[in-house]
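Peer 1: Input file: run05.txt. Contents: compact mmCIF, C-alpha atoms.
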# COMPACT_ATOMS: atom_id res chain seq x y z
CA MET A 1388 239.54 46.08 123.60
CA ALA A 1389 237.22 48.94 124.53
CA ASP A 1390 235.34 48.96 127.83
CA ARG A 1391 232.21 50.01 125.88
CA VAL A 1392 231.16 49.31 122.29
CA LEU A 1393 228.85 51.15 119.89
CA VAL A 1394 227.89 49.79 116.44
CA ASN A 1395 225.37 51.12 113.91
CA LEU A 1396 223.29 48.95 111.59
CA GLU A 1397 225.76 49.57 108.75
CA GLY A 1398 228.21 47.57 110.85
CA GLU A 1399 230.45 50.55 111.63
CA ILE A 1400 232.19 50.58 115.01
CA LEU A 1401 231.68 54.09 116.41
CA ASP A 1402 233.22 56.06 119.24
CA PRO A 1403 230.97 55.35 122.27
CA ASP A 1404 231.84 58.78 123.70
CA ALA A 1405 230.85 60.70 120.57
CA PRO A 1406 227.35 62.22 120.19
CA LEU A 1407 224.89 59.87 118.50
CA LEU A 1408 221.32 61.16 118.94
CA THR A 1409 219.99 64.47 117.68
CA ALA A 1410 218.32 66.78 120.18
CA ASP A 1411 214.90 66.04 118.67
CA ASP A 1412 215.19 62.24 118.53
CA VAL A 1413 211.83 61.02 119.81
CA GLY A 1414 213.48 58.14 121.61
CA ALA A 1415 215.07 60.71 123.91
CA VAL A 1416 212.34 63.34 124.10
CA ARG A 1417 209.30 61.03 124.20
CA GLY A 1418 210.56 57.51 124.88
CA ASP A 1419 209.12 56.56 121.49
CA GLY A 1420 211.13 53.46 120.71
CA VAL A 1421 211.94 49.90 121.73
CA PHE A 1422 214.97 48.04 122.98
CA GLU A 1423 216.35 44.63 123.94
CA THR A 1424 219.05 43.71 126.45
CA LEU A 1425 221.12 40.54 126.03
CA LEU A 1426 223.88 38.85 127.99
CA ILE A 1427 227.22 38.19 126.24
CA ARG A 1428 229.15 35.15 127.41
CA ASP A 1429 232.45 33.95 125.95
CA GLY A 1430 232.12 36.68 123.33
CA VAL A 1431 228.73 35.50 122.06
CA PRO A 1432 225.24 36.96 122.75
CA CYS A 1433 222.79 34.61 124.47
CA ASN A 1434 219.24 33.71 123.43
CA VAL A 1435 219.37 35.83 120.28
CA ALA A 1436 216.40 34.32 118.44
CA ARG A 1437 213.94 35.08 121.25
CA HIS A 1438 215.25 38.62 121.64
CA MET A 1439 214.93 39.16 117.91
CA GLU A 1440 211.36 37.89 117.95
CA ARG A 1441 210.49 40.24 120.81
CA LEU A 1442 212.19 43.21 119.11
CA VAL A 1443 210.13 42.62 115.97
CA ASN A 1444 206.93 42.26 117.99
CA SER A 1445 207.61 45.41 120.02
CA ALA A 1446 208.37 47.38 116.85
CA ARG A 1447 205.14 46.17 115.30
CA MET A 1448 203.13 47.22 118.36
CA LEU A 1449 204.62 50.73 118.13
CA GLU A 1450 204.17 50.81 114.35
CA LEU A 1451 207.90 51.28 113.84
CA PRO A 1452 209.70 50.08 110.70
CA GLU A 1453 210.03 46.30 110.93
CA PRO A 1454 213.58 45.37 111.97
CA ASP A 1455 215.63 43.49 109.40
CA CYS A 1456 216.70 40.48 111.46
CA VAL A 1457 219.74 39.70 109.31
CA VAL A 1458 221.02 43.28 109.62
CA TRP A 1459 220.47 43.38 113.38
CA ALA A 1460 222.13 39.97 113.84
CA ARG A 1461 225.16 41.15 111.85
CA ALA A 1462 225.47 44.33 113.93
CA ALA A 1463 225.17 42.26 117.12
CA GLU A 1464 227.90 39.90 115.93
CA ILE A 1465 230.24 42.77 115.10
CA ALA A 1466 229.62 44.36 118.50
CA ALA A 1467 230.20 41.05 120.29
CA ASP A 1468 233.45 40.47 118.37
CA GLU A 1469 234.63 43.95 119.35
CA TRP A 1470 233.76 43.24 123.00
CA GLY A 1471 235.62 39.93 122.95
CA ASP A 1472 235.47 37.13 125.49
CA ARG A 1473 237.29 38.76 128.42
CA SER A 1474 234.15 38.99 130.60
CA GLU A 1475 230.39 38.96 130.51
CA GLY A 1476 228.91 41.92 128.69
CA MET A 1477 225.51 43.60 128.55
CA MET A 1478 224.40 44.16 124.96
CA ARG A 1479 221.56 46.55 124.15
CA TRP A 1480 219.68 46.93 120.87
CA VAL A 1481 217.90 50.30 120.49
CA LEU A 1482 215.38 51.34 117.83
CA THR A 1483 213.59 54.71 117.91
CA ARG A 1484 211.23 56.44 115.51
CA GLY A 1485 214.02 58.90 114.70
CA ARG A 1486 213.93 62.67 114.57
CA GLU A 1487 210.79 64.59 115.43
CA SER A 1488 211.40 66.61 112.28
CA GLY A 1489 211.24 63.42 110.17
CA GLY A 1490 213.66 61.05 108.50
CA ASP A 1491 214.87 57.51 109.13
CA ALA A 1492 214.56 55.56 112.33
CA THR A 1493 217.49 55.58 114.76
CA ALA A 1494 219.06 52.19 115.43
CA PHE A 1495 222.23 51.02 117.16
CA VAL A 1496 223.82 48.30 119.28
CA THR A 1497 225.87 48.88 122.43
CA VAL A 1498 227.86 46.68 124.78
CA ALA A 1499 228.90 47.62 128.33
CA PRO A 1500 230.11 45.77 131.41
CA VAL A 1501 227.52 43.88 133.43
CA PRO A 1502 226.60 46.02 136.48
CA GLU A 1503 228.11 44.97 139.81
CA ARG A 1504 224.64 44.65 141.31
CA VAL A 1505 224.05 41.64 139.04
CA ALA A 1506 226.83 39.56 140.58
CA ARG A 1507 225.57 40.39 144.08
CA ALA A 1508 222.00 39.46 143.19
CA ARG A 1509 223.02 36.17 141.59
CA ALA A 1510 225.08 35.20 144.62
CA LYS A 1511 222.95 36.48 147.49
CA GLY A 1512 219.43 36.74 146.10
CA ALA A 1513 217.21 39.78 146.50
CA VAL A 1514 215.02 41.51 149.05
CA VAL A 1515 211.77 42.22 147.22
CA MET A 1516 208.60 44.16 147.90
CA THR A 1517 205.26 43.95 146.10
CA LEU A 1518 203.85 47.15 144.61
CA GLN A 1519 200.60 47.97 142.83
CA ARG A 1520 201.02 48.32 139.06
CA GLY A 1521 197.80 50.34 138.87
CA HIS A 1522 196.01 48.44 136.13
CA SER A 1523 193.84 45.40 135.57
CA VAL A 1524 194.98 42.17 133.93
CA GLU A 1525 192.28 42.88 131.33
CA LEU A 1526 193.81 46.19 130.24
CA ALA A 1527 196.05 44.70 127.54
CA GLY A 1528 193.06 43.28 125.71
CA SER A 1529 190.82 46.32 126.03
CA ALA A 1530 193.43 49.05 125.48
CA PRO A 1531 196.15 47.89 123.05
CA TRP A 1532 197.45 51.46 122.76
CA GLN A 1533 198.83 51.07 126.29
CA LEU A 1534 201.53 48.88 124.66
CA LEU A 1535 201.53 46.33 127.48
CA GLY A 1536 203.77 43.48 126.35
CA ALA A 1537 206.07 45.72 124.29
CA LYS A 1538 209.59 46.46 125.52
CA THR A 1539 209.54 50.21 125.03
CA LEU A 1540 212.02 52.90 126.03
CA SER A 1541 209.34 54.35 128.37
CA TYR A 1542 210.84 52.88 131.55
CA ALA A 1543 210.33 55.87 133.87
CA THR A 1544 207.66 54.11 135.96
CA ASN A 1545 209.76 50.96 136.30
CA MET A 1546 212.79 52.94 137.42
CA ALA A 1547 210.65 54.95 139.86
CA ALA A 1548 209.42 51.68 141.39
CA LEU A 1549 212.99 50.47 141.86
CA ARG A 1550 214.02 53.74 143.51
CA PHE A 1551 211.00 53.51 145.81
CA ALA A 1552 212.04 49.98 146.75
CA GLN A 1553 215.59 51.09 147.50
CA ARG A 1554 214.32 53.88 149.75
CA ASN A 1555 212.46 51.16 151.63
CA ASN A 1556 215.51 48.88 151.99
CA ALA A 1557 214.51 46.50 149.19
CA ASP A 1558 216.45 45.49 146.08
CA ASP A 1559 213.63 44.81 143.66
CA VAL A 1560 209.88 44.81 143.04
CA ILE A 1561 207.12 42.45 141.99
CA PHE A 1562 204.16 44.30 140.48
CA ILE A 1563 200.60 43.32 141.44
CA SER A 1564 197.49 44.02 139.34
CA SER A 1565 194.40 45.84 140.60
CA GLU A 1566 192.76 42.42 141.08
CA GLY A 1567 195.66 41.26 143.25
CA ARG A 1568 197.38 39.05 140.68
CA VAL A 1569 201.14 38.71 140.32
CA LEU A 1570 202.45 40.41 137.16
CA GLU A 1571 206.23 40.88 136.73
CA GLY A 1572 209.25 42.77 137.99
CA PRO A 1573 210.36 46.13 136.56
CA ARG A 1574 213.06 44.28 134.60
CA SER A 1575 212.28 40.60 135.17
CA THR A 1576 209.78 37.75 134.86
CA VAL A 1577 208.44 36.02 137.98
CA VAL A 1578 209.00 32.25 138.14
CA VAL A 1579 207.66 30.22 141.06
CA VAL A 1580 208.67 26.66 142.01
CA LYS A 1581 206.12 24.44 143.74
CA GLY A 1582 207.18 20.82 143.99
CA ASP A 1583 208.22 19.83 140.47
CA ARG A 1584 206.17 22.64 138.89
CA LEU A 1585 207.63 25.79 137.36
CA ARG A 1586 204.95 28.49 137.21
CA THR A 1587 204.80 31.94 135.64
CA PRO A 1588 201.92 34.39 134.98
CA PRO A 1589 200.18 34.43 131.57
CA LEU A 1590 201.06 37.05 128.97
CA THR A 1591 197.36 37.92 128.71
CA SER A 1592 197.73 39.75 132.03
CA GLY A 1593 199.70 42.44 130.18
CA ILE A 1594 203.28 41.48 130.98
CA LEU A 1595 206.37 41.42 128.80
CA PRO A 1596 207.25 38.05 127.21
CA GLY A 1597 210.28 36.84 129.16
CA THR A 1598 213.02 35.55 126.88
CA THR A 1599 214.95 33.80 129.68
CA GLN A 1600 211.77 32.37 131.18
CA GLN A 1601 210.83 31.00 127.74
CA ALA A 1602 214.26 29.41 127.35
CA MET A 1603 213.95 27.84 130.83
CA PHE A 1604 210.49 26.45 130.19
CA GLU A 1605 211.51 24.96 126.85
CA ILE A 1606 213.97 22.59 128.54
CA ALA A 1607 212.33 22.39 131.99
CA GLU A 1608 211.20 18.79 131.60
CA GLU A 1609 214.76 17.69 130.83
CA HIS A 1610 215.66 18.98 134.30
CA GLY A 1611 212.75 17.35 136.13
CA PHE A 1612 210.27 20.27 136.12
CA THR A 1613 206.85 20.65 134.56
CA PRO A 1614 206.32 24.18 133.19
CA GLU A 1615 202.96 25.88 133.76
CA VAL A 1616 201.61 29.28 132.71
CA VAL A 1617 198.92 30.08 135.30
CA PRO A 1618 197.52 33.07 137.22
CA LEU A 1619 199.47 33.69 140.43
CA PHE A 1620 198.60 35.60 143.59
CA PRO A 1621 200.85 36.96 146.36
CA ALA A 1622 199.87 34.00 148.55
CA ASP A 1623 201.37 31.70 145.89
CA LEU A 1624 204.70 33.46 146.33
CA ILE A 1625 204.69 32.97 150.09
CA THR A 1626 203.66 29.29 149.95
CA ALA A 1627 205.99 28.37 147.08
CA ASP A 1628 209.13 26.32 147.48
CA GLY A 1629 211.04 29.16 145.82
CA VAL A 1630 210.55 32.40 143.89
CA TRP A 1631 212.92 33.74 141.25
CA LEU A 1632 213.15 36.96 139.25
CA VAL A 1633 214.36 35.87 135.83
CA SER A 1634 215.96 38.20 133.28
CA SER A 1635 218.42 38.24 130.40
CA VAL A 1636 221.43 39.67 132.23
CA ALA A 1637 220.89 38.77 135.89
CA LEU A 1638 219.55 35.33 134.81
CA ALA A 1639 217.79 33.84 137.88
CA VAL A 1640 217.80 35.86 141.13
CA ARG A 1641 216.22 34.11 144.09
CA VAL A 1642 213.81 36.13 146.21
CA ARG A 1643 215.17 35.66 149.73
CA GLU A 1644 212.84 38.11 151.43
CA LEU A 1645 209.38 39.24 150.33
CA ASP A 1646 207.55 42.11 152.04
CA GLY A 1647 209.57 41.55 155.18
CA LEU A 1648 209.10 37.76 155.23
CA THR A 1649 212.23 35.62 154.91
CA LEU A 1650 211.91 32.90 152.29
CA PRO A 1651 214.20 29.94 153.09
CA GLU A 1652 216.55 28.75 150.38
CA PRO A 1653 214.79 25.81 148.69
CA ASP A 1654 216.36 22.43 148.05
CA CYS A 1655 215.93 22.99 144.30
CA ALA A 1656 218.04 26.17 144.19
CA ALA A 1657 221.01 24.45 142.55
CA GLN A 1658 218.69 22.79 140.02
CA ILE A 1659 217.25 26.15 139.01
CA THR A 1660 220.74 27.58 138.53
CA GLU A 1661 221.69 24.58 136.40
CA LEU A 1662 218.48 24.92 134.39
CA VAL A 1663 219.10 28.59 133.60
CA GLU A 1664 222.74 27.97 132.70
CA SER A 1665 221.64 25.21 130.31
CA ALA A 1666 219.00 27.50 128.81
CA MET A 1667 221.71 30.07 128.03
CA GLU A 1668 223.95 27.60 126.20
CA ASN A 1669 222.09 28.12 122.92
CA LYS A 1670 223.55 31.56 122.32
CA SER A 1671 224.87 31.60 118.79
CA VAL A 1672 224.25 34.47 116.37
CA THR A 1673 223.68 33.63 112.71
CA ASN A 1674 226.92 34.38 110.89
CA THR A 1675 226.08 37.12 108.41
CA ARG A 1676 229.58 38.53 107.99
CA ASN A 1677 231.06 38.51 104.48
When written as C-alpha cells, how does the structure in this file appear?
Peer 2:
Amino acid sequence: MADRVLVNLEGEILDPDAPLLTADDVGAVRGDGVFETLLIRDGVPCNVARHMERLVNSARMLELPEPDCVVWARAAEIAADEWGDRSEGMMRWVLTRGRESGGDATAFVTVAPVPERVARARAKGAVVMTLQRGHSVELAGSAPWQLLGAKTLSYATNMAALRFAQRNNADDVIFISSEGRVLEGPRSTVVVVKGDRLRTPPLTSGILPGTTQQAMFEIAEEHGFTPEVVPLFPADLITADGVWLVSSVALAVRVRELDGLTLPEPDCAAQITELVESAMENKSVTNTRN
C-alpha cells in the first residue's frame, strides 16, 4: 500500500510523485478552484454526502462545471480502496477551472496520512486566539462575489492567520467579524456548549457550512443536546461550559485556552467526543464500481 494516493476522475491510480498540473493551471496560479477534505476511517471516507453537497455548492458559486456526484464518489471509493484500512487517512477532492489557456477543468482525489498535529489536538485540546476577519457579517449578502461560504483554494489568508497564531504561542484561531461576532476558524467550525445547548454561528454571517458540525447537530438530541444556530460573541465563548473547533479531519478539538484565559475541561467533554464519533459512523460511499 502506498503512503500517498492520487486518482483522477477516470478512476486511474496515478503516481503521486509525478507531475499533474500544468504551469498555467489557474488553481495554482490564481487559486481559482474548490476543494473538500474528508477523513478516512477503516478504509472508508466519512460524511461523504455532506462533502459532496458542499463541493457542488462551492463549484456553483465559482461558476465551475457542476461536479458529477457519481463520478466523484467512484473516484473517492477507488482512492479509499487503494489507501486501505491500515490507519486514518486524509482525503482531498480538488477541482480547478483548468488551464489559463483553456480546456477542461482539472479534477483529482488524493489521500495522505493524517498530520501528527491532529492527534495532539484531539488529545490535548488547543490554545486559541481571536483575530479580526476584517469584514462584516452582512458582507456575504451584499457582495456575493467575495465567495464567502465557498470552500475555495484561496487559503492564503487562513494560513497566514495560523502562522501569526503560532508566532504568538497559539495553536489555532477563531475569527471575529467587524461587529464583534464569532465567525469560524481558518479550518474549522466553532461549536459552543452551554448547559444542554449546542450552539454555532449562522451561515448568513459569511462562514463555510461545516460538514462535521451538521452531522453533530443532526443527532444531537439523541445524545441529550439541543442544537441551536445563533449569533455568538467572544463573551459567549468565555462564559460557555465548553468550546470546540470542529472539522472533518481533526473532528472536535476542545479550546483549552482562549486569548490567554484557561478554559476548564467541562463535564460534557466525553459526551461531545461520543457525539462526534457517532456522527462519523455514517461514512459509506455509494458503490459505483462495475
Peer 1: Using 8 Å as the limit and counting all atoms listed in the file, can you tabulate each residue of range 1458-1564 of chain A that touches range 1588-1601 of chain A, with its shortest atom-to-atom distance in Å and the two atoms involved, as CSV?
Peer 2:
residue,atom,partner,partner_atom,distance
A:Ser1523,CA,A:Ser1592,CA,7.7
A:Val1524,CA,A:Ser1592,CA,4.1
A:Glu1525,CA,A:Ser1592,CA,6.3
A:Leu1526,CA,A:Gly1593,CA,7.0
A:Ala1527,CA,A:Gly1593,CA,5.0
A:Gly1528,CA,A:Thr1591,CA,7.5
A:Leu1535,CA,A:Gly1593,CA,5.1
A:Gly1536,CA,A:Leu1595,CA,4.1
A:Ala1537,CA,A:Leu1595,CA,6.2
A:Lys1538,CA,A:Leu1595,CA,6.8
Peer 1: In Å, how far is it from CA of Asn1395 in chain A to CA of Ala1494 in chain A?
Peer 2: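 Calculated distance between CA of Asn1395 in chain A and CA of Ala1494 in chain A is 6.6 Å.
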Peer 1: Smallest atom-to-atom distance to Gly1647 in chain A: which of A:Ala1410, A:Ala1543, A:Ala1499, A:Ile1625, using all atoms listed in the file?
Peer 2: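 Closest residue, counting all atoms listed in the file: A:Ile1625.
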Peer 1: Range 1653-1666 of chain A: which residues within 8 Å, counting only C-alpha atoms, same-chain residues fewer than 2 positions away excluded, as a JSON list (two decimals) with C-alpha atoms, keeping the file's coordinate frame?
Peer 2:
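Everything below was put into result_15.json:
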[["chain", "number", "residue", "atom", "x", "y", "z"],
["A", 1599, "THR", "CA", 214.95, 33.80, 129.68],
["A", 1602, "ALA", "CA", 214.26, 29.41, 127.35],
["A", 1603, "MET", "CA", 213.95, 27.84, 130.83],
["A", 1606, "ILE", "CA", 213.97, 22.59, 128.54],
["A", 1607, "ALA", "CA", 212.33, 22.39, 131.99],
["A", 1610, "HIS", "CA", 215.66, 18.98, 134.30],
["A", 1628, "ASP", "CA", 209.13, 26.32, 147.48],
["A", 1629, "GLY", "CA", 211.04, 29.16, 145.82],
["A", 1638, "LEU", "CA", 219.55, 35.33, 134.81],
["A", 1639, "ALA", "CA", 217.79, 33.84, 137.88],
["A", 1651, "PRO", "CA", 214.20, 29.94, 153.09],
["A", 1668, "GLU", "CA", 223.95, 27.60, 126.20],
["A", 1669, "ASN", "CA", 222.09, 28.12, 122.92]]
Peer 1: Quote the spacing between CA of Asp1455 in chain A and CA of Arg1441 in chain A in Å to one decimal place.
Peer 2: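 Spanning CA of Asp1455 in chain A to CA of Arg1441 in chain A is a straight-line distance of 12.9 Å.
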Peer 1: Using 5 Å of padding on each side, determine the axis-aligned box around all atoms of range 1647-1657 of chain A present in the file and give its centre and edge lengths in Å to one decimal, as JSON.
Peer 2:
{"center_x": 215.1, "center_y": 32.0, "center_z": 148.9, "size_x": 21.9, "size_y": 29.1, "size_z": 22.7}
Peer 1: Under the rule of at most 7 Å, produce a per-residue listing of range 1507-1569 of chain A near range 1414-1421 of chain A: chain, number, name, the closest pair of atoms, and the distance in Å, as a tab-separated table, using all atoms listed in the file.
Peer 2:
residue	atom	partner	partner_atom	distance
A:Lys1538	CA	A:Val1421	CA	5.6
A:Thr1539	CA	A:Val1421	CA	4.1
A:Leu1540	CA	A:Gly1418	CA	5.0
A:Ser1541	CA	A:Gly1418	CA	4.9
Peer 1: Let me see the file: selected residues, C-alpha atoms, as a short mmCIF file (atom, residue, chain, number, x, y, z; two decimals), in the frame of the given file.
Peer 2:
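Listed below is the output, part.cif:
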data_model
loop_
_atom_site.label_atom_id
_atom_site.label_comp_id
_atom_site.auth_asym_id
_atom_site.auth_seq_id
_atom_site.Cartn_x
_atom_site.Cartn_y
_atom_site.Cartn_z
CA LYS A 1538 209.59 46.46 125.52
CA THR A 1539 209.54 50.21 125.03
CA LEU A 1540 212.02 52.90 126.03
CA SER A 1541 209.34 54.35 128.37
#
Peer 1: Could you pull the residues within 12 Å of Phe1551 in chain A, counting all atoms listed in the file, minus those fewer than 4 positions along the same chain, as a PDB file with C-alpha atoms, in the coordinates of the input?
Peer 2:
ATOM      1  CA  VAL A1515     211.770  42.220 147.220  1.00  0.00           C
ATOM      2  CA  MET A1516     208.600  44.160 147.900  1.00  0.00           C
ATOM      3  CA  THR A1517     205.260  43.950 146.100  1.00  0.00           C
ATOM      4  CA  LEU A1518     203.850  47.150 144.610  1.00  0.00           C
ATOM      5  CA  THR A1544     207.660  54.110 135.960  1.00  0.00           C
ATOM      6  CA  ASN A1545     209.760  50.960 136.300  1.00  0.00           C
ATOM      7  CA  MET A1546     212.790  52.940 137.420  1.00  0.00           C
ATOM      8  CA  ALA A1547     210.650  54.950 139.860  1.00  0.00           C
ATOM      9  CA  ASN A1555     212.460  51.160 151.630  1.00  0.00           C
ATOM     10  CA  ASN A1556     215.510  48.880 151.990  1.00  0.00           C
ATOM     11  CA  ALA A1557     214.510  46.500 149.190  1.00  0.00           C
ATOM     12  CA  ASP A1558     216.450  45.490 146.080  1.00  0.00           C
ATOM     13  CA  ASP A1559     213.630  44.810 143.660  1.00  0.00           C
ATOM     14  CA  VAL A1560     209.880  44.810 143.040  1.00  0.00           C
ATOM     15  CA  PRO A1573     210.360  46.130 136.560  1.00  0.00           C
TER      16      PRO A1573
END
Peer 1: Choose the residue, out of A:Glu1450, A:Asp1404, A:Glu1608, A:Glu1464, that has the smallest atom-to-atom separation from Leu1534 in chain A; count all atoms listed in the file.
Peer 2: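 Ranking A:Glu1450, A:Asp1404, A:Glu1608, A:Glu1464 by distance to Leu1534 in chain A, first place goes to A:Glu1450.
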Peer 1: What lies within 12 Å of Pro1502 in chain A using only C-alpha atoms, ignoring chain neighbours under 3 positions off, as a list in words?
Peer 2: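 The residues that qualify are Leu1426, Ser1474, Glu1475, Gly1476, Met1477, Met1478, Val1498, Ala1499, Val1505, Ala1506, Arg1507, Ala1508, Arg1509, Val1636 and Ala1637 of chain A.
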